[in-house]
Structure formats: C-alpha cells, structure tokens
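Novice: Take this structure first; my questions come after.
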Amino acid sequence: MEESNSRPEWKRIYRTFAEEVMAPHVRHFDQERAFPTPIHEKAAAEGILNAAFPEELGGAGLSYTDFTEGVSELSAVCPGMTWTLVFNRGALHPVVAAGTPEQKDLFVTQLLKRNGYGALGLTEPENGSNLLAATTRAVKTDSGWLLNGAKCMSGNGTVADVFIVLANTVVDSRKRGLSFFAVPRDAPGVTVSDDIEKAAFRCLPTPSVTFQDVALEPVNLIGRAGDGEALLNDLLATIRIGGAACGTGMVAAMLRDALTWAGERRVYPDDRLDTLSHVQLTLGRLYVELVAARKLVKEATGLADQGLPFGKESAMAKYAATELAVRASNEILQLYGWRGIAADYGVEKRWRDARALTIFEGSSEIQLLNVFREMRRMAMSEEGL
C-alpha cells in the first residue's frame, strides 16, 4: 500500500478537514437547518467525499477500518455534517455489493464523477423498525417493474439523484420477497417532500419520498428479485458500524472538551473543577467505556475487512457506542451547569445528536434483539457463549 493510502495519513486528513473546514461552520448549519453545500464542495476538491468507495468505482478504496476512523474524526466536530458527507457509501452499498458491472457504472461510478448523491428508501411511516414488513410494492410487468409506496426519513433525500428502495416484489400476482431497486429521482411518479424539522442532525435532510406508478426497467433491479433480505442484512451491518464510529467520535470530543473546561473552571471558589473526585470518577469511567466501545468497532471492521460475517459485532458496537454517547452527553452537560444548555458552548448540540444516534441506523432495542438471536444460536452450538 502506498504511503498516501496509509491509515495514519487518512486519519490525519479527516481530522484536519474536520477541524479546519467543518468546525467554523457547525453552529451555522445547525441553526439554519441547511445542507452544508460549501463543505461538500471542499470535500470533493480534497478527494475525501467518496473515498470509501472501491478505486475501480471512483473512490480511494478505503477499508472499513480506515473509513470508520475517518467517520469518528468527522463526528467529533459534527455528526450531522458527517452523515451528509459519508451517507453515499451506505446508500449505494447494495449496488456495490450486488450490482452488475453495468449497474455499478450507471448508479455509482457516473454518480460519483458528478459528485451526485444516493439516498436509501428503507423506513416506512407505519412500519418503523420492521423493515421486513415493507408495504412498498414492485410489480413485474412486461417491460420491467411498476413501483408504488412511500418511504420516510430518507437521509440526503432532498439532494439525492437516485434512491435505493426496498420493496416487496410481486411476480405473476405472487409475492416473491424483498428486493432493492435503484430509482432515479427524475423518474415520473417520484415525489420528494421538503425536509422535516428535527431536534438533532439538523443539517442532514431527511424527507419523505412517495412512488406512484413509477415505471422501472430491468436494469433498476439490484440483485435477483426476492433476494433482498440477505442484502438488507448486509447493508444494515455496514451502516451500523458507521453509527458506532459516530458515537465514539462524539464521546472522544466530549471528553477532550470536558477536560479543558474542568481544568479552567473554578469552584468553591478557588478549586479547579477537575480536582473534585466526582468529576475525576465520572470522566475516568466514561473514558474506560469509550476504549471498550472502540474495541468493539475495531472488531467489527476487522471482520468486515476480511470478508467475514460481522452482523453481531456491528450490532454490539452500535449499541455500546451510541448508548455511551447518550450517557456521556447527559453527565458532561450536567458538569457544565447552565452553560451546558447554552448554545454557545456546543454541549447541548452534542446532547441532542447523541440521543438521535440511538434511533438512527437501527434503534438500540433492535441492536439488542440482533445480539440476542445470535447469542441464543451460539449457546445452542458447540462454540457456546
């Protein structure tokens, strides 16, 4: 591997970008609830916007480990802005994993060349976390497929050029299981709503998308009809480790800022805040938990980089890191007192973003259910627990 692709180099590149390009604009894009277009233009110019894609598709070929470390560095500054920057890799993963050469060129390579965006159509308004209960339907026709349904919380949806949509497929009036479809935004029958107002990740647009009699060609079907559940599981495992990395990056930033704050803050009236035992115990415990969460992330990415199953590991990492982010933001906000809820200090933004992390990319409850199923399987096998 060339020096320019070494892990320390990429980590430095992401950290520098976060601190020098993103940091000065975090509050603006949060308050304005605006997509950070200037940040994306800079990321594209510096070659990091789509670095996680394979080189043959137009990326830099970063490994899962490299990519998640980059996500952590960016998330330490702003999780919402980070997700707008990296969401393409998750949204287009089904095409990367199961697309034909023609589909990869059409929906990935050509899209990346023009710095375009993909978005996922997974969640439905009434089904929530139960993605297998999708009511969006794609019916086989003589010329391709006819898509009808609605999705919500589609990350980057307002700027997306293509939606990767999960739908139940119907062939000859019979359901054939779930399938993924690449749906161009400009296809007749596709309607994208305005962004919704959210408490967190405010610069990440998450509109609803409806599909009314959208005619699709055979090339729009990703993989084989009815084989979407396995591809969905692979997709979810992949995006979970991104969510976990986001959590560890946030906690690391919280701790760094809290150490600085506690070292400067005077109490009672002359003691520094960091001389108080309960402050030391709190920050020390959170750091132990951060190290443990990072190890779970590295275990998951290590397996992914070897091409081995990593669903259980990514679920554990996502649960541990995002729940830790909530605990850390709660306790550190309390240390700041009234300043913790003042926008000037940025603590309340991290508190809001951390809470959203336990819902985005699969809720904490879903992660525990995933872990339980795997735990039960292991307990009944020769490997045991």
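Just remember, in the structure tokens the first chain shown is A, the second B, etc., residues are 1-based per chain, and ligands are 1-based in the order shown.
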Do you know which residues are at most 7 Å from segment 201-216 of chain A counting only C-alpha atoms, after dropping those on the same chain fewer than 2 positions away, and could you put them as a PyMOL selection string?
Specialist: chain A and resi 29-30+33-36+79-81+83-84+144-158+187-196+198-199+218+220+353
Novice: Contacts of Ser63 of chain A at 12 Å or less, counting only C-alpha atoms, minus same-chain residues fewer than 6 places along, as a VMD selection string?
Specialist: chain A and resid 1 5 to 7 10 51 to 55 69 to 70 89 238 298 301 to 307
Novice: So which one's closest to Glu41 of chain A, A:Ala23, A:Ala91, A:Ser129, A:Asn115? Using only C-alpha atoms, please.
Specialist: A:Asn115
Novice: Which residues come within 12 Å of Gly362 of chain A, counting only C-alpha atoms, excluding same-chain residues fewer than 6 positions away, as a PyMOL selection string?
Specialist: chain A and resi 122-123+128-131+233+235-244+314-316+318-319+322+356+368-370
Novice: Would you mind exporting the chosen residues as a compact mmCIF listing (two decimals), in the first residue's frame, restricted to C-alpha atoms?
Specialist:
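Here's the written file again_4.txt:
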# COMPACT_ATOMS: atom_id res chain seq x y z
CA LEU A 122 -35.97 1.75 3.82
CA THR A 123 -38.15 3.13 6.61
CA GLY A 128 -40.79 1.81 11.80
CA SER A 129 -38.02 -0.65 12.59
CA ASN A 130 -39.81 -3.60 11.00
CA LEU A 131 -38.25 -3.22 7.57
CA ASN A 233 -28.89 -7.57 6.45
CA LEU A 235 -26.45 -3.24 4.33
CA LEU A 236 -27.62 -2.81 7.93
CA ALA A 237 -24.46 -4.39 9.33
CA THR A 238 -22.42 -1.96 7.23
CA ILE A 239 -24.22 1.23 8.22
CA ARG A 240 -24.31 0.23 11.89
CA ILE A 241 -20.55 0.41 12.20
CA GLY A 242 -20.75 3.93 10.78
CA GLY A 243 -23.23 4.81 13.51
CA ALA A 244 -20.95 3.24 16.12
CA SER A 314 -21.61 -4.31 14.37
CA ALA A 315 -24.83 -4.52 16.39
CA MET A 316 -22.88 -4.68 19.66
CA LYS A 318 -23.56 0.35 17.55
CA TYR A 319 -25.43 -0.30 20.80
CA THR A 322 -24.43 5.19 20.89
CA ALA A 356 -30.75 10.65 17.86
CA LEU A 368 -30.14 -5.92 21.38
CA LEU A 369 -32.63 -8.16 19.57
CA ASN A 370 -30.00 -8.86 16.92
Novice: Segment 243-273 of chain A: which residues are alpha helix (DSSP H) by DSSP, as a PyMOL selection string?
Specialist: chain A and resi 243-264
Novice: Report, in Å to a single decimal, how far apart atom CA of Ala98 of chain A and atom CA of Val170 of chain A are.
Specialist: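 Spanning atom CA of Val170 of chain A to atom CA of Ala98 of chain A is a straight-line distance of 20.3 Å.
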Novice: Using only C-alpha atoms, which residues sit within 10 Å of Ala258 of chain A once same-chain residues fewer than 6 positions away are excluded, as a PyMOL selection string?
Specialist: chain A and resi 252+264+274+279+283+332-333+335-336+347
